[in-house]
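The next block is entry00.txt, given as compact mmCIF, C-alpha atoms.
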```
# COMPACT_ATOMS: atom_id res chain seq x y z
CA MET A 1 -89.30 31.86 101.14
CA SER A 2 -86.72 29.09 100.75
CA GLN A 3 -85.28 27.15 103.65
CA ARG A 4 -81.89 28.75 103.02
CA SER A 5 -83.34 32.27 103.31
CA GLU A 6 -85.21 31.33 106.47
CA LYS A 7 -82.01 29.97 108.03
CA VAL A 8 -80.04 33.12 107.16
CA GLU A 9 -82.75 35.37 108.60
CA LYS A 10 -82.89 33.25 111.76
CA ASP A 11 -79.09 33.44 112.19
CA VAL A 12 -79.12 37.21 111.61
CA ASN A 13 -81.92 37.80 114.08
CA ALA A 14 -80.08 35.76 116.69
CA SER A 15 -77.05 38.07 116.37
CA SER A 16 -76.56 41.74 117.19
CA ALA A 17 -75.21 42.61 113.73
CA ASN A 18 -76.92 45.42 111.81
CA LYS A 19 -74.55 45.79 108.86
CA LEU A 20 -73.99 42.55 107.03
CA LEU A 21 -71.43 41.45 104.47
CA VAL A 22 -72.40 38.49 102.26
CA ILE A 23 -69.08 36.89 101.26
CA CYS A 24 -68.74 34.33 98.48
CA ILE A 25 -65.45 32.43 98.90
CA ASP A 26 -63.49 31.06 95.94
CA ARG A 27 -60.38 29.65 97.63
CA ASP A 28 -58.75 28.24 94.46
CA ASN A 29 -59.38 31.48 92.50
CA ASP A 30 -61.35 30.01 89.61
CA VAL A 31 -62.92 33.41 89.04
CA GLY A 32 -59.46 34.85 88.46
CA GLU A 33 -57.77 31.93 86.71
CA LYS A 34 -60.64 31.14 84.31
CA ALA A 35 -62.49 34.43 83.89
CA GLY A 36 -59.59 36.83 84.47
CA ILE A 37 -61.47 38.80 87.12
CA ILE A 38 -59.55 40.74 89.78
CA THR A 39 -60.87 40.24 93.29
CA PRO A 40 -62.36 41.40 95.57
CA VAL A 41 -65.54 41.87 93.53
CA ILE A 42 -67.75 44.31 95.41
CA GLY A 43 -71.43 44.97 94.76
CA ARG A 44 -74.41 43.20 93.26
CA ASN A 45 -73.86 44.19 89.62
CA ALA A 46 -70.13 43.43 89.72
CA CYS A 47 -70.80 40.00 91.24
CA ILE A 48 -73.44 39.23 88.60
CA GLU A 49 -70.97 40.12 85.85
CA ALA A 50 -68.25 37.97 87.47
CA ALA A 51 -70.62 34.99 87.78
CA GLN A 52 -71.74 35.32 84.17
CA ARG A 53 -68.18 35.51 82.84
CA LEU A 54 -67.11 32.49 84.89
CA ALA A 55 -70.18 30.51 83.76
CA LEU A 56 -69.36 31.32 80.11
CA GLU A 57 -65.73 30.24 80.54
CA ASP A 58 -66.59 27.04 82.43
CA PRO A 59 -70.29 26.14 82.64
CA GLU A 60 -69.51 23.17 84.91
CA ASP A 61 -67.75 25.25 87.57
CA ALA A 62 -69.77 25.42 90.80
CA ASP A 63 -68.27 28.76 91.88
CA SER A 64 -70.50 30.70 89.47
CA ASN A 65 -73.54 29.18 91.18
CA SER A 66 -72.08 30.13 94.57
CA ILE A 67 -71.82 33.76 93.45
CA PHE A 68 -75.43 33.73 92.25
CA ALA A 69 -76.45 32.18 95.60
CA ALA A 70 -74.63 34.97 97.43
CA ILE A 71 -76.49 37.56 95.32
CA LYS A 72 -79.81 35.83 96.13
CA THR A 73 -78.95 35.91 99.85
CA TYR A 74 -78.04 39.60 99.51
CA GLU A 75 -81.39 40.41 97.85
CA ASP A 76 -83.35 38.47 100.49
CA LEU A 77 -81.65 40.39 103.30
CA ILE A 78 -82.14 43.72 101.51
CA SER A 79 -85.87 42.98 101.17
CA LYS A 80 -86.02 42.48 104.96
CA GLY A 81 -84.57 45.93 105.58
CA TYR A 82 -81.01 45.00 106.52
CA LYS A 83 -77.95 47.02 105.48
CA VAL A 84 -76.07 44.54 103.30
CA GLU A 85 -73.27 44.36 100.77
CA VAL A 86 -72.25 41.35 98.67
CA VAL A 87 -68.66 40.56 97.70
CA THR A 88 -66.63 37.77 96.14
CA VAL A 89 -63.16 37.09 97.53
CA ALA A 90 -60.63 34.61 96.12
CA GLY A 91 -57.43 32.88 97.14
CA VAL A 92 -54.81 31.38 94.85
CA LYS A 93 -54.84 28.38 92.52
CA ASN A 94 -52.83 26.07 94.79
CA ARG A 95 -54.87 26.97 97.90
CA GLY A 96 -52.87 26.62 101.11
CA ILE A 97 -51.56 29.40 103.36
CA HIS A 98 -51.10 31.90 100.51
CA ALA A 99 -54.77 31.54 99.57
CA ASP A 100 -55.89 32.18 103.16
CA GLU A 101 -53.63 35.24 103.44
CA LYS A 102 -55.02 36.67 100.19
CA ILE A 103 -58.64 36.12 101.29
CA LEU A 104 -57.91 37.81 104.62
CA ALA A 105 -56.30 40.80 102.88
CA GLU A 106 -59.23 41.14 100.47
CA THR A 107 -61.74 40.96 103.33
CA ARG A 108 -59.92 43.77 105.13
CA LYS A 109 -59.93 45.81 101.92
CA VAL A 110 -63.70 45.37 101.62
CA LEU A 111 -64.22 46.39 105.25
CA GLU A 112 -62.44 49.67 104.55
CA LYS A 113 -65.24 50.53 102.10
CA PHE A 114 -68.17 48.89 103.94
CA SER A 115 -67.77 48.71 107.71
CA ALA A 116 -69.85 45.61 108.42
CA ASN A 117 -70.18 44.03 111.84
CA GLY A 118 -71.33 40.59 110.71
CA ALA A 119 -70.67 38.20 107.81
CA VAL A 120 -72.74 35.62 105.96
CA ILE A 121 -70.46 33.10 104.24
CA VAL A 122 -71.57 31.41 101.01
CA SER A 123 -69.47 28.54 99.63
CA ASP A 124 -69.75 25.39 97.55
CA GLY A 125 -67.84 23.00 99.81
CA GLU A 126 -65.70 22.30 102.85
CA ASP A 127 -62.51 23.54 101.20
CA ASP A 128 -63.85 27.09 100.92
CA GLU A 129 -65.36 26.89 104.39
CA SER A 130 -61.93 26.12 105.88
CA VAL A 131 -61.20 29.86 105.49
CA ILE A 132 -63.97 30.82 107.93
CA PRO A 133 -61.63 30.95 110.99
CA VAL A 134 -59.40 33.33 109.01
CA ILE A 135 -62.31 35.68 108.25
CA GLN A 136 -63.44 35.53 111.88
CA ASN A 137 -60.21 37.26 112.84
CA VAL A 138 -61.52 40.50 111.31
CA LEU A 139 -65.30 39.98 111.16
CA PRO A 140 -67.79 37.86 113.14
CA VAL A 141 -69.37 35.10 111.01
CA ILE A 142 -73.04 34.76 111.92
CA SER A 143 -74.20 32.33 109.21
CA VAL A 144 -72.72 29.85 106.74
CA GLN A 145 -74.56 28.77 103.59
CA ARG A 146 -73.37 25.86 101.46
CA VAL A 147 -74.49 25.71 97.84
CA VAL A 148 -75.29 22.15 96.71
CA MET A 149 -75.79 21.58 92.98
CA LYS A 150 -78.94 19.71 91.98
CA VAL A 151 -78.18 17.39 89.06
CA SER A 152 -80.82 15.39 87.24
CA ARG A 153 -79.76 11.78 86.76
CA SER A 154 -82.31 9.79 84.82
CA VAL A 155 -82.16 6.02 84.55
CA GLU A 156 -81.13 6.31 80.90
CA TYR A 157 -78.29 8.69 81.76
CA SER A 158 -77.03 6.37 84.49
CA TYR A 159 -77.04 3.41 82.10
CA ALA A 160 -75.18 5.49 79.50
CA VAL A 161 -72.46 6.47 81.96
CA PHE A 162 -72.19 2.90 83.27
CA GLY A 163 -71.92 1.58 79.72
CA LYS A 164 -69.21 4.12 78.91
CA TYR A 165 -67.08 2.95 81.83
CA LEU A 166 -67.62 -0.70 80.92
CA LYS A 167 -66.44 0.07 77.40
CA MET A 168 -63.34 1.79 78.76
CA ILE A 169 -62.55 -1.23 80.94
CA ALA A 170 -63.03 -3.64 78.02
CA TYR A 171 -61.27 -1.78 75.20
CA ASP A 172 -58.88 0.73 76.75
CA SER A 173 -55.56 -1.03 77.35
CA ARG A 174 -54.74 1.29 80.26
CA TYR A 175 -57.62 -0.17 82.26
CA SER A 176 -58.18 -3.60 80.71
CA LYS A 177 -54.73 -4.84 81.76
CA PHE A 178 -55.64 -4.51 85.41
CA PHE A 179 -59.43 -4.93 85.52
CA LEU A 180 -59.57 -7.81 83.01
CA GLY A 181 -56.03 -9.15 82.76
CA VAL A 182 -55.39 -9.81 86.45
CA PRO A 183 -58.82 -11.42 87.15
CA GLY A 184 -58.41 -13.46 83.94
CA ILE A 185 -55.07 -14.86 85.11
CA LEU A 186 -56.52 -15.63 88.53
CA LEU A 187 -59.55 -17.42 87.07
CA LEU A 188 -57.38 -19.40 84.64
CA ILE A 189 -54.99 -20.57 87.35
CA GLY A 190 -57.89 -21.31 89.68
CA GLY A 191 -59.59 -23.45 87.03
CA ILE A 192 -56.41 -25.41 86.29
CA GLY A 193 -55.78 -25.93 90.02
CA THR A 194 -59.31 -27.24 90.53
CA ILE A 195 -58.89 -29.77 87.70
CA PHE A 196 -55.64 -31.16 89.16
CA ASP A 197 -56.86 -30.91 92.79
CA PHE A 198 -54.18 -28.41 93.93
CA SER A 199 -56.58 -26.14 95.80
CA ALA A 200 -54.32 -25.10 98.69
CA GLU A 201 -51.27 -24.46 96.51
CA ILE A 202 -53.27 -22.59 93.87
CA PHE A 203 -54.88 -20.38 96.54
CA ALA A 204 -51.42 -19.29 97.71
CA VAL A 205 -50.41 -18.54 94.12
CA LEU A 206 -53.60 -16.54 93.48
CA VAL A 207 -53.16 -14.45 96.62
CA SER A 208 -49.51 -13.78 95.69
CA ILE A 209 -50.42 -12.69 92.15
CA LEU A 210 -53.21 -10.45 93.38
CA GLY A 211 -50.99 -8.88 96.04
CA GLY A 212 -48.21 -8.31 93.51
CA ALA A 213 -50.64 -6.69 91.08
CA PHE A 214 -51.93 -4.36 93.79
CA LEU A 215 -48.39 -3.37 94.80
CA ILE A 216 -47.30 -2.74 91.20
CA ARG A 217 -50.30 -0.52 90.52
CA ALA A 218 -50.22 1.23 93.89
CA PHE A 219 -46.58 2.31 93.58
CA ASP A 220 -46.63 2.93 89.78
CA ILE A 221 -43.93 0.29 89.27
CA ASP A 222 -45.21 -0.48 85.76
CA ARG A 223 -45.00 3.18 84.69
CA ALA A 224 -41.58 3.60 86.28
CA TRP A 225 -40.31 0.52 84.45
CA SER A 226 -41.73 1.74 81.14
CA ASN A 227 -39.92 5.07 81.62
CA TRP A 228 -36.65 3.35 82.55
CA SER A 229 -36.82 0.91 79.67
CA LYS A 230 -37.16 3.53 76.94
CA PRO A 231 -34.51 3.11 74.20
CA THR A 232 -32.51 6.18 75.24
CA PRO A 233 -29.05 6.52 76.80
CA MET A 234 -30.71 7.48 80.10
CA GLY A 235 -33.00 4.44 79.95
CA PHE A 236 -30.15 2.01 79.27
CA ILE A 237 -28.07 3.46 82.11
CA ARG A 238 -30.98 3.11 84.54
CA ILE A 239 -31.73 -0.46 83.45
CA PHE A 240 -28.09 -1.53 83.77
CA THR A 241 -27.51 0.08 87.17
CA MET A 242 -30.89 -1.09 88.48
CA VAL A 243 -30.30 -4.73 87.49
CA ALA A 244 -26.71 -4.62 88.74
CA GLY A 245 -27.80 -3.02 92.01
CA ILE A 246 -30.55 -5.57 92.61
CA LEU A 247 -28.18 -8.46 91.89
CA LEU A 248 -25.61 -7.02 94.31
CA ILE A 249 -28.24 -6.50 97.00
CA LEU A 250 -29.43 -10.10 96.61
CA SER A 251 -25.85 -11.41 96.67
CA SER A 252 -25.25 -9.60 99.97
CA VAL A 253 -27.42 -12.22 101.69
CA PRO A 254 -25.12 -15.22 100.98
CA ALA A 255 -22.15 -12.96 101.70
CA GLY A 256 -23.58 -12.20 105.13
CA ILE A 257 -24.32 -15.88 105.78
CA SER A 258 -20.78 -16.91 104.84
CA ALA A 259 -19.39 -14.30 107.26
CA VAL A 260 -21.11 -15.93 110.24
CA ASP A 261 -18.92 -18.21 112.33
CA SER A 262 -19.91 -21.80 111.58
CA GLU A 263 -19.37 -22.82 115.20
CA LEU A 264 -22.05 -20.35 116.31
CA ILE A 265 -24.48 -21.78 113.78
CA GLU A 266 -23.79 -25.34 114.98
CA ASN A 267 -24.32 -24.34 118.62
CA ASP A 268 -27.60 -22.50 117.82
CA ILE A 269 -29.43 -25.10 115.79
CA GLU A 270 -32.86 -23.57 116.32
CA LEU A 271 -33.80 -20.74 113.99
CA ILE A 272 -35.20 -18.54 116.77
CA SER A 273 -31.98 -18.82 118.74
CA MET A 274 -29.94 -17.87 115.68
CA ILE A 275 -32.10 -14.82 114.97
CA THR A 276 -31.90 -13.58 118.55
CA ASN A 277 -28.12 -14.16 118.85
CA LYS A 278 -26.61 -10.68 118.57
CA VAL A 279 -23.17 -12.01 117.57
CA ILE A 280 -24.66 -13.92 114.63
CA ILE A 281 -26.67 -10.84 113.61
CA GLY A 282 -23.59 -8.63 113.85
CA GLN A 283 -21.46 -10.98 111.77
CA PHE A 284 -24.22 -11.34 109.16
CA VAL A 285 -24.67 -7.57 108.82
CA ALA A 286 -20.90 -7.01 108.73
CA GLY A 287 -20.52 -9.54 105.92
CA ALA A 288 -23.51 -8.32 103.91
CA LEU A 289 -22.94 -4.59 104.41
CA PRO A 290 -20.21 -3.86 101.81
CA ILE A 291 -21.96 -5.60 98.91
CA LEU A 292 -25.36 -4.30 100.03
CA TRP A 293 -24.08 -0.70 100.10
CA ILE A 294 -22.38 -1.09 96.73
CA GLY A 295 -25.65 -2.33 95.24
CA MET A 296 -27.63 0.57 96.68
CA GLY A 297 -24.94 2.99 95.55
CA ALA A 298 -25.04 1.56 92.02
CA ILE A 299 -28.77 2.31 91.80
CA VAL A 300 -28.33 5.86 93.11
CA VAL A 301 -25.33 6.57 90.85
CA GLY A 302 -27.27 5.24 87.87
CA THR A 303 -30.11 7.65 88.61
CA LEU A 304 -27.61 10.51 88.98
CA LEU A 305 -25.93 9.74 85.64
CA SER A 306 -29.28 9.34 83.89
CA ASN A 307 -30.59 12.68 85.16
CA TRP A 308 -27.28 14.40 84.40
CA ILE A 309 -27.18 13.17 80.79
CA GLY A 310 -30.88 13.93 80.29
CA GLY A 311 -30.52 17.44 81.70
CA ILE A 312 -33.04 16.79 84.48
CA PRO A 313 -32.41 19.20 87.40
CA ARG A 314 -32.32 16.58 90.14
CA GLN A 315 -28.58 16.27 90.62
CA ILE A 316 -28.66 17.83 94.08
CA SER A 317 -31.02 15.23 95.54
CA ASP A 318 -29.14 12.42 93.78
CA ILE A 319 -25.79 13.62 95.15
CA LEU A 320 -27.29 13.93 98.62
CA ARG A 321 -28.46 10.32 98.46
CA ILE A 322 -24.89 9.21 97.75
CA ILE A 323 -23.56 11.37 100.59
CA VAL A 324 -26.14 9.95 103.02
CA LEU A 325 -25.19 6.39 102.03
CA ALA A 326 -21.52 7.15 102.61
CA ALA A 327 -22.24 8.96 105.90
CA LEU A 328 -24.33 6.09 107.28
CA TYR A 329 -21.75 3.40 106.48
CA PRO A 330 -19.39 4.03 109.46
CA THR A 331 -22.34 4.14 111.86
CA ILE A 332 -23.63 0.75 110.71
CA VAL A 333 -20.11 -0.71 110.80
CA GLN A 334 -19.76 0.45 114.40
CA PHE A 335 -23.18 -1.04 115.17
CA THR A 336 -21.95 -4.44 113.96
CA ASN A 337 -18.84 -4.08 116.20
CA ILE A 338 -21.12 -3.45 119.18
CA MET A 339 -23.11 -6.59 118.35
CA ILE A 340 -20.06 -8.81 117.75
CA TYR A 341 -17.50 -7.55 120.29
CA ASP A 342 -19.94 -6.24 122.92
CA GLU A 343 -18.51 -2.71 122.76
CA SER A 344 -20.14 0.23 124.49
CA SER A 345 -23.16 1.77 122.78
CA PHE A 346 -21.60 5.21 123.26
CA THR A 347 -19.10 4.33 120.52
CA LEU A 348 -21.97 4.94 118.06
CA ILE A 349 -22.02 8.66 118.88
CA PRO A 350 -18.80 9.76 117.03
CA PRO A 351 -19.64 8.18 113.65
CA LEU A 352 -23.27 9.28 114.01
CA LEU A 353 -22.32 12.91 114.68
CA GLY A 354 -19.69 12.80 111.93
CA GLY A 355 -22.18 11.49 109.40
CA LEU A 356 -24.77 14.08 110.43
CA ALA A 357 -22.23 16.89 110.15
CA ALA A 358 -21.09 15.69 106.70
CA THR A 359 -24.69 15.51 105.51
CA LEU A 360 -25.58 19.00 106.80
CA VAL A 361 -22.44 20.62 105.39
CA SER A 362 -22.88 18.93 102.01
CA ALA A 363 -26.57 19.87 101.84
CA THR A 364 -25.79 23.50 102.71
CA ILE A 365 -23.07 23.75 100.06
CA LEU A 366 -25.18 22.10 97.38
CA PHE A 367 -28.26 24.23 98.04
CA LYS A 368 -26.20 27.44 98.07
CA LYS A 369 -24.68 26.43 94.75
CA TYR A 370 -28.15 25.65 93.38
CA ARG A 371 -29.55 29.02 94.47
CA LYS A 372 -26.57 30.85 93.02
CA HIS A 373 -27.07 29.02 89.72
CA LYS A 374 -30.76 29.90 89.76
CA ASP A 375 -30.04 33.55 90.46
CA GLN A 376 -27.59 33.67 87.55
CA GLU A 377 -30.22 32.13 85.24
CA MET A 378 -32.80 34.72 86.33
CA VAL A 379 -30.35 37.56 85.72
CA SER A 380 -29.44 36.23 82.28
CA ASP A 381 -33.13 35.88 81.37
```

What's the structure tokens form of this structure?
Amino acid sequence: MSQRSEKVEKDVNASSANKLLVICIDRDNDVGEKAGIITPVIGRNACIEAAQRLALEDPEDADSNSIFAAIKTYEDLISKGYKVEVVTVAGVKNRGIHADEKILAETRKVLEKFSANGAVIVSDGEDDESVIPVIQNVLPVISVQRVVMKVSRSVEYSYAVFGKYLKMIAYDSRYSKFFLGVPGILLLIGGIGTIFDFSAEIFAVLVSILGGAFLIRAFDIDRAWSNWSKPTPMGFIRIFTMVAGILLILSSVPAGISAVDSELIENDIELISMITNKVIIGQFVAGALPILWIGMGAIVVGTLLSNWIGGIPRQISDILRIIVLAALYPTIVQFTNIMIYDESSFTLIPPLLGGLAATLVSATILFKKYRKHKDQEMVSD
């Protein structure tokens, strides 16, 4: 007898259950999506057929092995004289709440045909086992069995896989740019810096390059730029508005500095004193705010125009971004007045409530319009 069978028998003996239901859980519904099988699958022969069909459709899928393991558990319990039934229940492809609700409904349907008072859960991982509390609402779970695939990995196979990945890194441009290009640049700069004895300066440059490379790859900046720079009307609009917006945002800094009273700067010579002076901060923000907001608006408007011309259904979110920018502007202006003229903080409440109301009303109108448009499309289809 295997260790798994011994554990199941031990769990069953420790409980008071006399009618057992062996449940194989397939939370992402591979058995339905790949093999076209309607769940719940009830009975030994039906489960064997489901496992065979799934194994033929996708031999690498672990769920077929889980079904076979459930059948093996069922046969072991039958041989010990227990009243047992084996079933396969499934959720939905995207998992989540809908998958749990479907598994619960299927379990209740099975219990109408076989009134068990204890369940043995068989799964191939933690994702399927997350449904156990749901099943416990209708049936006590007395044992949980996880199916772990045994894969033979010889030394030759490991070398072959390792060599395949090395070849991808060396010859596939998608990977070589990052795994070879970035280290190559770092080594080249490091070698040049060592020759000319600029160790400290070169170290700062190397760290900056490496950090920039990590940020670009982490936030998909390179892919976003490649999409924006495509020779299409949408790409040109995005490039123009993006460059213009960035230039405006950068120019807001000198605009804010020029708006600060020069006498305040002369009185607060130390940098820390200047940063902590609320009047200086207020004047800087007030001077930088118009150009900064225009730059941000240019980027958002460019995205809106690009999506509108390209027929991409994102106009609602793009319009809402513009509305939020406009709604926040009076609040920030009032914040600068509080900093400069020492006004009461309660003066922030009216523009804040006004901006919030404008955002909520605009969002409600836009989403109602979007749903109405969707309903019309469904009727026409």

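In this comparison, which uses all atoms listed in the file, the residue of A:Ile195, A:Ile67, A:Leu77, A:Val22 approaching Val120 in chain A most closely is A:Val22.
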
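You can rank A:Ser208, A:Pro140, A:Phe68, A:Cys24 by their closest distance to Val122 in chain A using only C-alpha atoms, and at the top of that list sits A:Cys24.
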
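Nearest-residue note for Glu101 in chain A: choosing from A:Lys83, A:Ala116, A:Gln283, A:Ile135, the minimum distance belongs to A:Ile135, counting only C-alpha atoms.
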
Requested in this report: Considering only C-alpha atoms, return as a list of chain:residue names whatever protein or nucleic-acid residues lie within 12 Å of Gly181 in chain A, sequence-local ones (same chain, fewer than 3 positions apart) excluded.
Outcome: A:Ile169, A:Ala170, A:Tyr171, A:Asp172, A:Ser173, A:Arg174, A:Tyr175, A:Ser176, A:Lys177, A:Phe178, A:Gly184, A:Ile185, A:Leu186, A:Leu187, A:Leu188, A:Ile209, A:Leu210, A:Ala213

Atoms to include: C-alpha atoms. Write the selected residues as a PDB file, in the frame of the given file.
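Output below, filename result.pdb:
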```
ATOM      1  CA  ILE A 169     -62.550  -1.230  80.940  1.00  0.00           C
ATOM      2  CA  ALA A 170     -63.030  -3.640  78.020  1.00  0.00           C
ATOM      3  CA  TYR A 171     -61.270  -1.780  75.200  1.00  0.00           C
ATOM      4  CA  ASP A 172     -58.880   0.730  76.750  1.00  0.00           C
ATOM      5  CA  SER A 173     -55.560  -1.030  77.350  1.00  0.00           C
ATOM      6  CA  ARG A 174     -54.740   1.290  80.260  1.00  0.00           C
ATOM      7  CA  TYR A 175     -57.620  -0.170  82.260  1.00  0.00           C
ATOM      8  CA  SER A 176     -58.180  -3.600  80.710  1.00  0.00           C
ATOM      9  CA  LYS A 177     -54.730  -4.840  81.760  1.00  0.00           C
ATOM     10  CA  PHE A 178     -55.640  -4.510  85.410  1.00  0.00           C
ATOM     11  CA  GLY A 184     -58.410 -13.460  83.940  1.00  0.00           C
ATOM     12  CA  ILE A 185     -55.070 -14.860  85.110  1.00  0.00           C
ATOM     13  CA  LEU A 186     -56.520 -15.630  88.530  1.00  0.00           C
ATOM     14  CA  LEU A 187     -59.550 -17.420  87.070  1.00  0.00           C
ATOM     15  CA  LEU A 188     -57.380 -19.400  84.640  1.00  0.00           C
ATOM     16  CA  ILE A 209     -50.420 -12.690  92.150  1.00  0.00           C
ATOM     17  CA  LEU A 210     -53.210 -10.450  93.380  1.00  0.00           C
ATOM     18  CA  ALA A 213     -50.640  -6.690  91.080  1.00  0.00           C
TER      19      ALA A 213
END
```

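For Val86 in chain A, the non-local neighbours within 9 Å, defined as residues at least 3 positions apart in the same chain or in other chains and counting only C-alpha atoms, are Leu20, Leu21, Val22, Ile23, Cys24, Val41, Ile42, Gly43, Arg44, Cys47, Ala70, Ile71, Thr73 and Tyr74 of chain A.
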
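In this model, the gap between CA of Phe114 in chain A and CA of Tyr82 in chain A comes to 13.7 Å.
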
Exercise for the section: Might you pull out every residue within 12 Å of range 292-297 of chain A, with all atoms listed in the file counted and same-chain residues fewer than 3 positions away left off, and present them as a VMD selection string? Expected result: chain A and resid 240 to 256 284 to 289 300 to 304 318 to 330 332 to 333

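Using all atoms listed in the file, the nearest neighbour of Asp124 in chain A within the list A:Ser143, A:Thr336, A:Ser66, A:Thr107 is A:Ser66.
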
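The spacing separating CA of Gln136 in chain A from CA of Gly36 in chain A amounts to 27.7 Å.
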